$ cat coords00.cif   # mmCIF, C-alpha atoms
data_input
loop_
_atom_site.group_PDB
_atom_site.id
_atom_site.type_symbol
_atom_site.label_atom_id
_atom_site.label_comp_id
_atom_site.auth_asym_id
_atom_site.auth_seq_id
_atom_site.Cartn_x
_atom_site.Cartn_y
_atom_site.Cartn_z
ATOM 1 C CA MET A 1317 -1.041 -11.127 -0.100
ATOM 2 C CA SER A 1318 -0.204 -8.469 -2.635
ATOM 3 C CA ASP A 1319 2.599 -6.057 -1.842
ATOM 4 C CA GLU A 1320 0.779 -2.742 -2.251
ATOM 5 C CA PRO A 1321 3.078 0.188 -1.484
ATOM 6 C CA ILE A 1322 2.231 2.003 1.758
ATOM 7 C CA LYS A 1323 0.415 5.249 0.941
ATOM 8 C CA LYS A 1324 -0.437 6.692 4.332
ATOM 9 C CA VAL A 1325 0.748 6.289 7.931
ATOM 10 C CA SER A 1326 -0.537 7.517 11.291
ATOM 11 C CA ILE A 1327 2.194 7.477 13.901
ATOM 12 C CA ILE A 1328 1.310 7.737 17.591
ATOM 13 C CA VAL A 1329 3.985 9.106 19.930
ATOM 14 C CA SER A 1330 3.077 8.199 23.494
ATOM 15 C CA ARG A 1331 6.311 8.610 25.450
ATOM 16 C CA GLY A 1332 8.152 11.785 26.394
ATOM 17 C CA SER A 1333 11.736 10.555 26.597
ATOM 18 C CA LEU A 1334 14.230 11.199 23.821
ATOM 19 C CA GLU A 1335 14.149 7.531 22.779
ATOM 20 C CA GLY A 1336 10.353 7.686 23.006
ATOM 21 C CA ILE A 1337 9.941 10.690 20.715
ATOM 22 C CA TYR A 1338 12.633 10.378 18.040
ATOM 23 C CA PRO A 1339 11.601 7.076 16.435
ATOM 24 C CA GLY A 1340 8.170 8.526 15.617
ATOM 25 C CA LEU A 1341 9.730 11.688 14.161
ATOM 26 C CA ILE A 1342 12.219 9.731 12.056
ATOM 27 C CA MET A 1343 9.461 7.452 10.772
ATOM 28 C CA ALA A 1344 7.164 10.370 9.930
ATOM 29 C CA ASN A 1345 9.899 12.312 8.166
ATOM 30 C CA GLY A 1346 11.050 9.163 6.384
ATOM 31 C CA ALA A 1347 7.500 8.554 5.207
ATOM 32 C CA ARG A 1348 7.271 12.037 3.671
ATOM 33 C CA MET A 1349 10.653 11.525 1.981
ATOM 34 C CA GLU A 1350 9.175 8.454 0.268
ATOM 35 C CA GLY A 1351 6.071 10.333 -0.785
ATOM 36 C CA ILE A 1352 3.934 8.672 1.891
ATOM 37 C CA GLU A 1353 1.267 10.779 3.606
ATOM 38 C CA ALA A 1354 2.112 11.132 7.327
ATOM 39 C CA ASN A 1355 0.049 12.079 10.383
ATOM 40 C CA LEU A 1356 1.738 12.371 13.777
ATOM 41 C CA PHE A 1357 -0.455 12.054 16.861
ATOM 42 C CA PHE A 1358 1.068 13.025 20.219
ATOM 43 C CA THR A 1359 -0.509 11.603 23.350
ATOM 44 C CA PHE A 1360 0.265 11.377 27.085
ATOM 45 C CA PHE A 1361 3.887 12.283 27.815
ATOM 46 C CA GLY A 1362 4.647 12.153 24.098
ATOM 47 C CA LEU A 1363 2.897 15.524 24.027
ATOM 48 C CA TYR A 1364 6.072 17.106 25.420
ATOM 49 C CA GLY A 1365 7.538 16.684 21.954
ATOM 50 C CA ILE A 1366 5.310 19.510 20.690
ATOM 51 C CA LEU A 1367 5.078 21.759 23.777
ATOM 52 C CA LYS A 1368 7.166 24.762 22.803
ATOM 53 C CA LYS A 1369 8.547 25.340 26.280
ATOM 54 C CA TYR A 1370 9.797 21.757 26.723
ATOM 55 C CA MET A 1371 10.309 20.225 23.274
ATOM 56 C CA ASN A 1372 13.962 21.184 23.077
ATOM 57 C CA SER A 1373 14.891 19.795 26.475
ATOM 58 C CA ILE A 1374 13.750 16.210 25.965
ATOM 59 C CA LYS A 1375 15.987 13.697 27.786
ATOM 60 C CA ILE A 1376 16.955 10.034 27.588
ATOM 61 C CA ALA A 1377 15.418 7.858 30.299
ATOM 62 C CA THR A 1378 18.380 6.266 32.081
ATOM 63 C CA VAL A 1379 16.326 4.660 34.872
ATOM 64 C CA GLY A 1380 15.073 1.162 34.125
ATOM 65 C CA ASN A 1381 17.096 0.838 30.951
ATOM 66 C CA PRO A 1382 19.131 -2.388 31.171
ATOM 67 C CA ALA A 1383 20.502 -1.976 27.631
ATOM 68 C CA MET A 1384 22.378 1.207 28.515
ATOM 69 C CA ARG A 1385 26.173 1.115 28.184
ATOM 70 C CA VAL A 1386 28.897 3.660 28.920
ATOM 71 C CA PRO A 1387 30.693 5.577 27.601
ATOM 72 C CA SER A 1388 29.363 4.463 24.212
ATOM 73 C CA ALA A 1389 26.907 1.947 22.764
ATOM 74 C CA LYS A 1390 29.491 -0.863 22.868
ATOM 75 C CA GLY A 1391 31.024 0.112 26.206
ATOM 76 C CA PHE A 1392 30.462 -1.313 29.670
ATOM 77 C CA PRO A 1393 26.953 -2.121 30.881
ATOM 78 C CA LEU A 1394 25.713 0.620 33.192
ATOM 79 C CA PRO A 1395 24.352 -0.971 36.395
ATOM 80 C CA THR A 1396 20.664 -0.086 36.342
ATOM 81 C CA TRP A 1397 20.736 1.583 39.790
ATOM 82 C CA MET A 1398 23.389 3.991 38.479
ATOM 83 C CA GLY A 1399 20.896 5.307 35.985
ATOM 84 C CA ALA A 1400 19.270 7.113 38.896
ATOM 85 C CA ILE A 1401 22.398 9.104 39.809
ATOM 86 C CA PRO A 1402 21.667 12.835 39.435
ATOM 87 C CA GLY A 1403 22.935 14.140 36.111
ATOM 88 C CA MET A 1404 23.068 10.706 34.447
ATOM 89 C CA SER A 1405 20.118 11.433 32.175
ATOM 90 C CA ALA A 1406 21.536 14.845 31.195
ATOM 91 C CA PHE A 1407 24.927 13.270 30.516
ATOM 92 C CA ALA A 1408 23.529 10.444 28.368
ATOM 93 C CA THR A 1409 21.370 12.974 26.530
ATOM 94 C CA SER A 1410 24.279 15.253 25.707
ATOM 95 C CA MET A 1411 26.295 12.295 24.398
ATOM 96 C CA MET A 1412 23.384 11.162 22.245
ATOM 97 C CA ASN A 1413 22.722 14.699 20.974
ATOM 98 C CA LYS A 1414 26.310 14.937 19.759
ATOM 99 C CA GLU A 1415 25.956 11.686 17.842
ATOM 100 C CA MET A 1416 22.686 12.830 16.319
ATOM 101 C CA GLU A 1417 24.094 16.215 15.350
ATOM 102 C CA ALA A 1418 26.919 14.421 13.511
ATOM 103 C CA LEU A 1419 24.310 12.459 11.549
ATOM 104 C CA ASP A 1420 22.350 15.640 10.797
ATOM 105 C CA ILE A 1421 19.369 14.476 12.861
ATOM 106 C CA PRO A 1422 17.844 17.792 13.949
ATOM 107 C CA PRO A 1423 16.807 18.790 17.485
ATOM 108 C CA VAL A 1424 13.130 18.077 18.248
ATOM 109 C CA GLY A 1425 11.844 21.600 17.480
ATOM 110 C CA GLU A 1426 13.620 21.782 14.151
ATOM 111 C CA PHE A 1427 12.588 18.221 13.285
ATOM 112 C CA ILE A 1428 8.899 19.013 13.884
ATOM 113 C CA GLU A 1429 9.260 22.066 11.653
ATOM 114 C CA MET A 1430 10.906 19.938 8.949
ATOM 115 C CA ILE A 1431 8.113 17.341 9.073
ATOM 116 C CA SER A 1432 5.455 20.058 8.978
ATOM 117 C CA ASP A 1433 7.170 21.808 6.030
ATOM 118 C CA ALA A 1434 7.329 18.426 4.317
ATOM 119 C CA GLY A 1435 3.532 18.252 4.515
ATOM 120 C CA GLY A 1436 3.275 15.973 7.550
ATOM 121 C CA LYS A 1437 0.457 16.830 9.946
ATOM 122 C CA ILE A 1438 0.956 17.283 13.689
ATOM 123 C CA TYR A 1439 -1.898 16.506 16.078
ATOM 124 C CA ALA A 1440 -2.334 16.565 19.861
ATOM 125 C CA CYS A 1441 -4.544 14.221 21.875
ATOM 126 C CA ARG A 1442 -7.673 15.856 23.332
ATOM 127 C CA ALA A 1443 -7.770 13.717 26.481
ATOM 128 C CA THR A 1444 -4.167 14.565 27.369
ATOM 129 C CA VAL A 1445 -4.618 18.266 26.584
ATOM 130 C CA ASP A 1446 -7.543 18.359 29.024
ATOM 131 C CA MET A 1447 -5.790 16.239 31.632
ATOM 132 C CA PHE A 1448 -2.636 18.410 31.537
ATOM 133 C CA HIS A 1449 -4.688 21.681 31.393
ATOM 134 C CA LEU A 1450 -3.021 22.828 28.181
ATOM 135 C CA SER A 1451 -4.119 25.476 25.698
ATOM 136 C CA ASP A 1452 -3.131 26.253 22.091
ATOM 137 C CA ASP A 1453 -0.520 28.749 23.349
ATOM 138 C CA ASP A 1454 1.448 25.934 24.945
ATOM 139 C CA PHE A 1455 2.071 24.231 21.611
ATOM 140 C CA CYS A 1456 4.607 24.869 18.882
ATOM 141 C CA PRO A 1457 3.094 26.702 15.882
ATOM 142 C CA GLN A 1458 3.295 23.535 13.737
ATOM 143 C CA MET A 1459 0.617 21.775 15.825
ATOM 144 C CA ASP A 1460 -2.300 21.583 13.407
ATOM 145 C CA LYS A 1461 -5.169 20.539 15.650
ATOM 146 C CA VAL A 1462 -6.199 18.916 18.927
ATOM 147 C CA LEU A 1463 -8.065 15.715 18.040
ATOM 148 C CA THR A 1464 -10.322 13.313 19.856
ATOM 149 C CA VAL A 1465 -9.515 9.652 19.386
ATOM 150 C CA GLY A 1466 -12.563 9.380 17.123
ATOM 151 C CA GLU A 1467 -11.278 12.155 14.862
ATOM 152 C CA PHE A 1468 -7.890 10.474 14.830
ATOM 153 C CA TYR A 1469 -9.427 7.259 13.513
ATOM 154 C CA GLU A 1470 -11.428 9.211 10.939
ATOM 155 C CA LEU A 1471 -8.400 10.920 9.472
ATOM 156 C CA SER A 1472 -6.465 7.654 9.613
ATOM 157 C CA ALA A 1473 -8.826 6.012 7.127
ATOM 158 C CA GLY A 1474 -6.717 3.910 4.775
ATOM 159 C CA SER A 1475 -3.599 4.371 6.974
ATOM 160 C CA GLN A 1476 -1.184 2.047 8.643
ATOM 161 C CA ILE A 1477 -1.340 2.960 12.336
ATOM 162 C CA ILE A 1478 1.974 2.775 14.180
ATOM 163 C CA PHE A 1479 2.130 3.114 17.974
ATOM 164 C CA THR A 1480 5.463 4.149 19.488
ATOM 165 C CA MET B 624 23.137 -4.479 -14.592
ATOM 166 C CA PRO B 625 20.377 -2.775 -16.636
ATOM 167 C CA GLU B 626 21.385 -0.318 -19.309
ATOM 168 C CA LYS B 627 19.492 2.584 -20.805
ATOM 169 C CA THR B 628 20.146 4.633 -23.894
ATOM 170 C CA ILE B 629 19.381 8.337 -23.785
ATOM 171 C CA ASN B 630 20.020 10.435 -26.932
ATOM 172 C CA GLY B 631 22.644 7.962 -28.031
ATOM 173 C CA THR B 632 24.361 7.858 -24.621
ATOM 174 C CA THR B 633 24.264 4.508 -22.848
ATOM 175 C CA ILE B 634 24.030 4.634 -19.065
ATOM 176 C CA THR B 635 24.110 1.817 -16.535
ATOM 177 C CA VAL B 636 21.663 1.951 -13.664
ATOM 178 C CA ASP B 637 20.908 -0.188 -10.614
ATOM 179 C CA ASP B 638 17.622 -2.028 -10.034
ATOM 180 C CA ASP B 639 16.037 1.144 -8.637
ATOM 181 C CA GLY B 640 17.100 3.199 -11.652
ATOM 182 C CA PHE B 641 19.982 5.061 -9.983
ATOM 183 C CA MET B 642 23.044 5.580 -12.162
ATOM 184 C CA THR B 643 26.021 3.443 -11.233
ATOM 185 C CA ASP B 644 28.681 5.359 -13.172
ATOM 186 C CA HIS B 645 28.574 9.102 -12.720
ATOM 187 C CA SER B 646 30.987 9.673 -15.610
ATOM 188 C CA GLN B 647 28.126 8.718 -17.956
ATOM 189 C CA TRP B 648 26.029 11.603 -16.630
ATOM 190 C CA ASN B 649 25.490 14.906 -18.420
ATOM 191 C CA ARG B 650 22.788 17.579 -18.549
ATOM 192 C CA GLU B 651 20.851 15.847 -21.328
ATOM 193 C CA VAL B 652 20.841 12.617 -19.336
ATOM 194 C CA ALA B 653 19.581 14.617 -16.335
ATOM 195 C CA ALA B 654 16.754 16.108 -18.385
ATOM 196 C CA ALA B 655 15.744 12.662 -19.632
ATOM 197 C CA LEU B 656 15.866 11.134 -16.129
ATOM 198 C CA ALA B 657 13.843 14.097 -14.838
ATOM 199 C CA GLU B 658 11.205 13.483 -17.479
ATOM 200 C CA GLU B 659 10.862 9.880 -16.285
ATOM 201 C CA GLU B 660 10.180 11.285 -12.805
ATOM 202 C CA GLU B 661 7.663 13.741 -14.282
ATOM 203 C CA VAL B 662 9.857 16.713 -13.414
ATOM 204 C CA THR B 663 10.691 19.524 -15.855
ATOM 205 C CA LEU B 664 14.030 20.985 -14.882
ATOM 206 C CA SER B 665 14.142 24.726 -14.135
ATOM 207 C CA ASP B 666 16.910 26.898 -12.669
ATOM 208 C CA ALA B 667 15.549 26.149 -9.191
ATOM 209 C CA HIS B 668 15.914 22.396 -9.856
ATOM 210 C CA TRP B 669 19.438 22.922 -11.145
ATOM 211 C CA LYS B 670 20.362 24.741 -7.947
ATOM 212 C CA VAL B 671 19.447 21.541 -6.055
ATOM 213 C CA LEU B 672 21.238 19.243 -8.519
ATOM 214 C CA ASP B 673 24.364 21.425 -8.473
ATOM 215 C CA PHE B 674 24.390 21.436 -4.688
ATOM 216 C CA ILE B 675 24.122 17.630 -4.593
ATOM 217 C CA ALA B 676 27.063 17.430 -7.014
ATOM 218 C CA SER B 677 29.287 19.806 -5.033
ATOM 219 C CA ASP B 678 28.360 18.241 -1.693
ATOM 220 C CA PHE B 679 28.892 14.727 -3.040
ATOM 221 C CA ALA B 680 32.343 15.775 -4.247
ATOM 222 C CA GLU B 681 33.122 17.002 -0.749
ATOM 223 C CA LYS B 682 31.462 14.354 1.459
ATOM 224 C CA GLY B 683 31.125 11.321 -0.794
ATOM 225 C CA LYS B 684 27.401 10.962 -0.171
ATOM 226 C CA VAL B 685 24.091 12.499 -1.155
ATOM 227 C CA PRO B 686 23.204 15.273 1.341
ATOM 228 C CA GLY B 687 20.194 14.744 3.620
ATOM 229 C CA MET B 688 17.333 17.176 4.094
ATOM 230 C CA ARG B 689 18.982 19.147 6.882
ATOM 231 C CA ARG B 690 22.185 19.638 4.914
ATOM 232 C CA MET B 691 20.146 20.761 1.916
ATOM 233 C CA ASN B 692 18.525 23.357 4.201
ATOM 234 C CA LYS B 693 21.524 24.544 6.176
ATOM 235 C CA VAL B 694 24.413 24.215 3.753
ATOM 236 C CA GLY B 695 22.609 24.324 0.420
ATOM 237 C CA GLY B 696 20.210 27.070 1.524
ATOM 238 C CA ILE B 697 17.251 25.233 -0.015
ATOM 239 C CA PRO B 698 14.180 25.141 2.274
ATOM 240 C CA THR B 699 12.290 21.884 2.924
ATOM 241 C CA LYS B 700 9.059 23.222 1.411
ATOM 242 C CA GLU B 701 10.802 24.205 -1.804
ATOM 243 C CA LEU B 702 12.379 20.757 -2.156
ATOM 244 C CA TYR B 703 8.998 19.085 -1.833
ATOM 245 C CA THR B 704 7.537 21.492 -4.395
ATOM 246 C CA LEU B 705 10.348 20.969 -6.888
ATOM 247 C CA PHE B 706 10.512 17.184 -6.548
ATOM 248 C CA PRO B 707 7.071 16.020 -5.403
ATOM 249 C CA GLY B 708 6.716 12.604 -3.825
ATOM 250 C CA GLY B 709 10.261 12.029 -2.575
ATOM 251 C CA PRO B 710 12.533 15.047 -2.961
ATOM 252 C CA ILE B 711 15.975 13.717 -2.084
ATOM 253 C CA LYS B 712 15.564 10.366 -3.770
ATOM 254 C CA LYS B 713 14.303 11.939 -6.983
ATOM 255 C CA ALA B 714 16.898 14.715 -6.983
ATOM 256 C CA ALA B 715 19.715 12.212 -6.379
ATOM 257 C CA LYS B 716 18.461 10.011 -9.210
ATOM 258 C CA ILE B 717 18.279 12.914 -11.660
ATOM 259 C CA ALA B 718 21.682 14.205 -10.536
ATOM 260 C CA GLY B 719 23.153 10.796 -11.371
ATOM 261 C CA TYR B 720 24.106 9.764 -7.840
ATOM 262 C CA PRO B 721 23.366 6.598 -5.833
ATOM 263 C CA LYS B 722 20.187 6.060 -3.824
ATOM 264 C CA PRO B 723 20.484 8.086 -0.579
ATOM 265 C CA ALA B 724 21.584 5.796 2.238
ATOM 266 C CA SER B 725 20.635 7.784 5.343
ATOM 267 C CA CYS B 726 17.398 7.719 7.372
ATOM 268 C CA VAL B 727 17.011 11.456 7.808
#
$ encode --input "coords00.cif" --output "structure tokens"
Amino acid sequence: MSDEPIKKVSIIVSRGSLEGIYPGLIMANGARMEGIEANLFFTFFGLYGILKKYMNSIKIATVGNPAMRVPSAKGFPLPTWMGAIPGMSAFATSMMNKEMEALDIPPVGEFIEMISDAGGKIYACRATVDMFHLSDDDFCPQMDKVLTVGEFYELSAGSQIIFT
Amino acid sequence: MPEKTINGTTITVDDDGFMTDHSQWNREVAAALAEEEEVTLSDAHWKVLDFIASDFAEKGKVPGMRRMNKVGGIPTKELYTLFPGGPIKKAAKIAGYPKPASCV
């Protein structure tokens, strides 16, 4: 195996929680920073990351997350049933947002703009758009195009495909 | 550690070509490093390099993209135009600072 540098990545964002959306954004932005071509493809609930009305109120999923600890990452384990207490997701999200702000990780809307300005392309999944009854007006202006899965594979020619 | 000689000045660099001793850096060294990255330095480039220098003096690390935007007043698009194919890495290398160590 030769170690050819990666030239192009297609990153699929399929989940709509904060921890579902950010890894894809960080990877796409990081790719551009290394001079790697980057395509971001948002599907299913991941689509909320580019819906202008909702993209800046993305929350951490606290239900069914046995790794969660309070009040910080090395604190006490949070019993999983407590993740369902009203306000828990909002609380965890605000804590995480503070940490991210300190590291200069931008909010979702600003991050999408940064990736788009960096030359990364932002795509939405046709099947989800139809299923959720969405139109172009629902998306942030950086969304380049709604793609079918076939078109996604076409533009991913020569890419590493990463599913998150 | 590898060494390089530029116009009679010897500089030490790490394996990725980032300078390890900033005191060896000057504007001629910057121009030579820029040439290796296929960048010709203009005033707009110098604005970026000067911001990295002042921010490094303050924070002790190379600023990330968001800090370049918000504090340095240099838009993302402009950075990618000035330093194609890896703006912060290239700018940090030319400015004589270590390889950026943050993910964003």
$ resolve_selection --input "coords00.cif" --expression "the PyMOL selection byres ((chain A and resi 1378) around 6)" --output "number ranges by chain"
A: 1377, 1379, 1381, 1399, 1405
$ atom_distance --input "coords00.cif" --atom1 "CA of Ile1327 (chain A)" --atom2 "CA of Asn1355 (chain A)"
6.2 Å
$ interface_residues --input "coords00.cif" --of "chain B" --to "chain A" --cutoff "7 Å" --atoms "only C-alpha atoms" --output "ChimeraX atom specification"
/B:689,699-700,703,708-710,726-727
$ residues_around --input "coords00.cif" --residues "region 629-641 of chain B" --least-positions-apart "3" --cutoff "6 Å" --atoms "all atoms listed in the file" --output "number ranges by chain"
B: 625-626, 647, 716, 721
$ residues_around --input "coords00.cif" --residues "region 1393-1396 of chain A" --least-positions-apart "6" --cutoff "9 Å" --atoms "only C-alpha atoms" --output "ChimeraX atom specification"
/A:1378-1387
$ resolve_selection --input "coords00.cif" --expression "the PyMOL selection byres ((chain A and resi 1336) around 12)" --output "list in words"
Ile1328, Val1329, Ser1330, Arg1331, Gly1332, Ser1333, Leu1334, Glu1335, Ile1337, Tyr1338, Pro1339, Gly1340, Leu1341, Ile1342, Phe1358, Thr1359, Phe1360, Phe1361, Gly1362, Leu1363, Tyr1364, Gly1365, Ile1374, Lys1375, Ile1376, Ala1377, Val1424, Phe1479 and Thr1480 of chain A
$ resolve_selection --input "coords00.cif" --expression "the PyMOL selection byres ((chain B and resi 694) around 12)" --output "NGL selection string"
(:A and (1420)) or (:B and (671 or 674-675 or 677-678 or 686-693 or 695-698))
$ decode --input "coords00.cif" --residues "region 1340-1364 of chain A" --atoms "N, CA and C atoms" --output "PDB file, in the first residue's frame"
ATOM      1  N   GLY A1340     -18.721  16.049  11.760  1.00  0.00           N
ATOM      2  CA  GLY A1340     -18.689  16.205  10.306  1.00  0.00           C
ATOM      3  C   GLY A1340     -18.206  17.600   9.914  1.00  0.00           C
ATOM      4  N   LEU A1341     -18.658  18.613  10.655  1.00  0.00           N
ATOM      5  CA  LEU A1341     -18.254  19.994  10.340  1.00  0.00           C
ATOM      6  C   LEU A1341     -16.763  20.187  10.603  1.00  0.00           C
ATOM      7  N   ILE A1342     -16.290  19.643  11.725  1.00  0.00           N
ATOM      8  CA  ILE A1342     -14.875  19.792  12.069  1.00  0.00           C
ATOM      9  C   ILE A1342     -14.006  19.062  11.042  1.00  0.00           C
ATOM     10  N   MET A1343     -14.469  17.888  10.617  1.00  0.00           N
ATOM     11  CA  MET A1343     -13.693  17.134   9.622  1.00  0.00           C
ATOM     12  C   MET A1343     -13.670  17.835   8.269  1.00  0.00           C
ATOM     13  N   ALA A1344     -14.812  18.420   7.881  1.00  0.00           N
ATOM     14  CA  ALA A1344     -14.880  19.110   6.591  1.00  0.00           C
ATOM     15  C   ALA A1344     -14.004  20.358   6.619  1.00  0.00           C
ATOM     16  N   ASN A1345     -14.128  21.139   7.680  1.00  0.00           N
ATOM     17  CA  ASN A1345     -13.316  22.344   7.799  1.00  0.00           C
ATOM     18  C   ASN A1345     -11.828  21.989   7.865  1.00  0.00           C
ATOM     19  N   GLY A1346     -11.525  20.947   8.644  1.00  0.00           N
ATOM     20  CA  GLY A1346     -10.139  20.501   8.763  1.00  0.00           C
ATOM     21  C   GLY A1346      -9.570  20.049   7.422  1.00  0.00           C
ATOM     22  N   ALA A1347     -10.417  19.427   6.619  1.00  0.00           N
ATOM     23  CA  ALA A1347      -9.980  18.996   5.289  1.00  0.00           C
ATOM     24  C   ALA A1347      -9.590  20.218   4.453  1.00  0.00           C
ATOM     25  N   ARG A1348     -10.453  21.216   4.425  1.00  0.00           N
ATOM     26  CA  ARG A1348     -10.162  22.434   3.648  1.00  0.00           C
ATOM     27  C   ARG A1348      -8.867  23.093   4.130  1.00  0.00           C
ATOM     28  N   MET A1349      -8.662  23.087   5.444  1.00  0.00           N
ATOM     29  CA  MET A1349      -7.455  23.717   6.010  1.00  0.00           C
ATOM     30  C   MET A1349      -6.182  23.001   5.568  1.00  0.00           C
ATOM     31  N   GLU A1350      -6.335  21.730   5.158  1.00  0.00           N
ATOM     32  CA  GLU A1350      -5.183  20.955   4.681  1.00  0.00           C
ATOM     33  C   GLU A1350      -5.123  20.944   3.156  1.00  0.00           C
ATOM     34  N   GLY A1351      -6.001  21.734   2.543  1.00  0.00           N
ATOM     35  CA  GLY A1351      -6.014  21.777   1.088  1.00  0.00           C
ATOM     36  C   GLY A1351      -6.719  20.594   0.449  1.00  0.00           C
ATOM     37  N   ILE A1352      -7.539  19.895   1.241  1.00  0.00           N
ATOM     38  CA  ILE A1352      -8.290  18.747   0.727  1.00  0.00           C
ATOM     39  C   ILE A1352      -9.679  19.217   0.294  1.00  0.00           C
ATOM     40  N   GLU A1353     -10.119  18.773  -0.875  1.00  0.00           N
ATOM     41  CA  GLU A1353     -11.451  19.130  -1.358  1.00  0.00           C
ATOM     42  C   GLU A1353     -12.491  18.486  -0.436  1.00  0.00           C
ATOM     43  N   ALA A1354     -13.555  19.225  -0.067  1.00  0.00           N
ATOM     44  CA  ALA A1354     -14.526  18.676   0.884  1.00  0.00           C
ATOM     45  C   ALA A1354     -15.964  18.886   0.426  1.00  0.00           C
ATOM     46  N   ASN A1355     -16.739  17.811   0.424  1.00  0.00           N
ATOM     47  CA  ASN A1355     -18.175  17.867   0.160  1.00  0.00           C
ATOM     48  C   ASN A1355     -18.905  17.373   1.395  1.00  0.00           C
ATOM     49  N   LEU A1356     -19.881  18.166   1.861  1.00  0.00           N
ATOM     50  CA  LEU A1356     -20.682  17.765   3.017  1.00  0.00           C
ATOM     51  C   LEU A1356     -22.085  17.415   2.528  1.00  0.00           C
ATOM     52  N   PHE A1357     -22.566  16.261   2.922  1.00  0.00           N
ATOM     53  CA  PHE A1357     -23.877  15.783   2.477  1.00  0.00           C
ATOM     54  C   PHE A1357     -24.748  15.545   3.708  1.00  0.00           C
ATOM     55  N   PHE A1358     -25.826  16.325   3.833  1.00  0.00           N
ATOM     56  CA  PHE A1358     -26.683  16.230   5.019  1.00  0.00           C
ATOM     57  C   PHE A1358     -27.912  15.391   4.702  1.00  0.00           C
ATOM     58  N   THR A1359     -28.146  14.388   5.531  1.00  0.00           N
ATOM     59  CA  THR A1359     -29.273  13.486   5.289  1.00  0.00           C
ATOM     60  C   THR A1359     -30.034  13.198   6.581  1.00  0.00           C
ATOM     61  N   PHE A1360     -31.263  12.748   6.463  1.00  0.00           N
ATOM     62  CA  PHE A1360     -32.145  12.491   7.606  1.00  0.00           C
ATOM     63  C   PHE A1360     -32.073  13.632   8.626  1.00  0.00           C
ATOM     64  N   PHE A1361     -31.955  13.328   9.905  1.00  0.00           N
ATOM     65  CA  PHE A1361     -32.019  14.414  10.886  1.00  0.00           C
ATOM     66  C   PHE A1361     -30.777  15.299  10.854  1.00  0.00           C
ATOM     67  N   GLY A1362     -29.732  14.819  10.199  1.00  0.00           N
ATOM     68  CA  GLY A1362     -28.543  15.656  10.002  1.00  0.00           C
ATOM     69  C   GLY A1362     -28.882  16.931   9.245  1.00  0.00           C
ATOM     70  N   LEU A1363     -29.960  16.861   8.469  1.00  0.00           N
ATOM     71  CA  LEU A1363     -30.408  18.009   7.675  1.00  0.00           C
ATOM     72  C   LEU A1363     -30.682  19.249   8.541  1.00  0.00           C
ATOM     73  N   TYR A1364     -31.010  19.029   9.817  1.00  0.00           N
ATOM     74  CA  TYR A1364     -31.267  20.174  10.692  1.00  0.00           C
ATOM     75  C   TYR A1364     -30.045  21.082  10.843  1.00  0.00           C
TER      76      TYR A1364
END
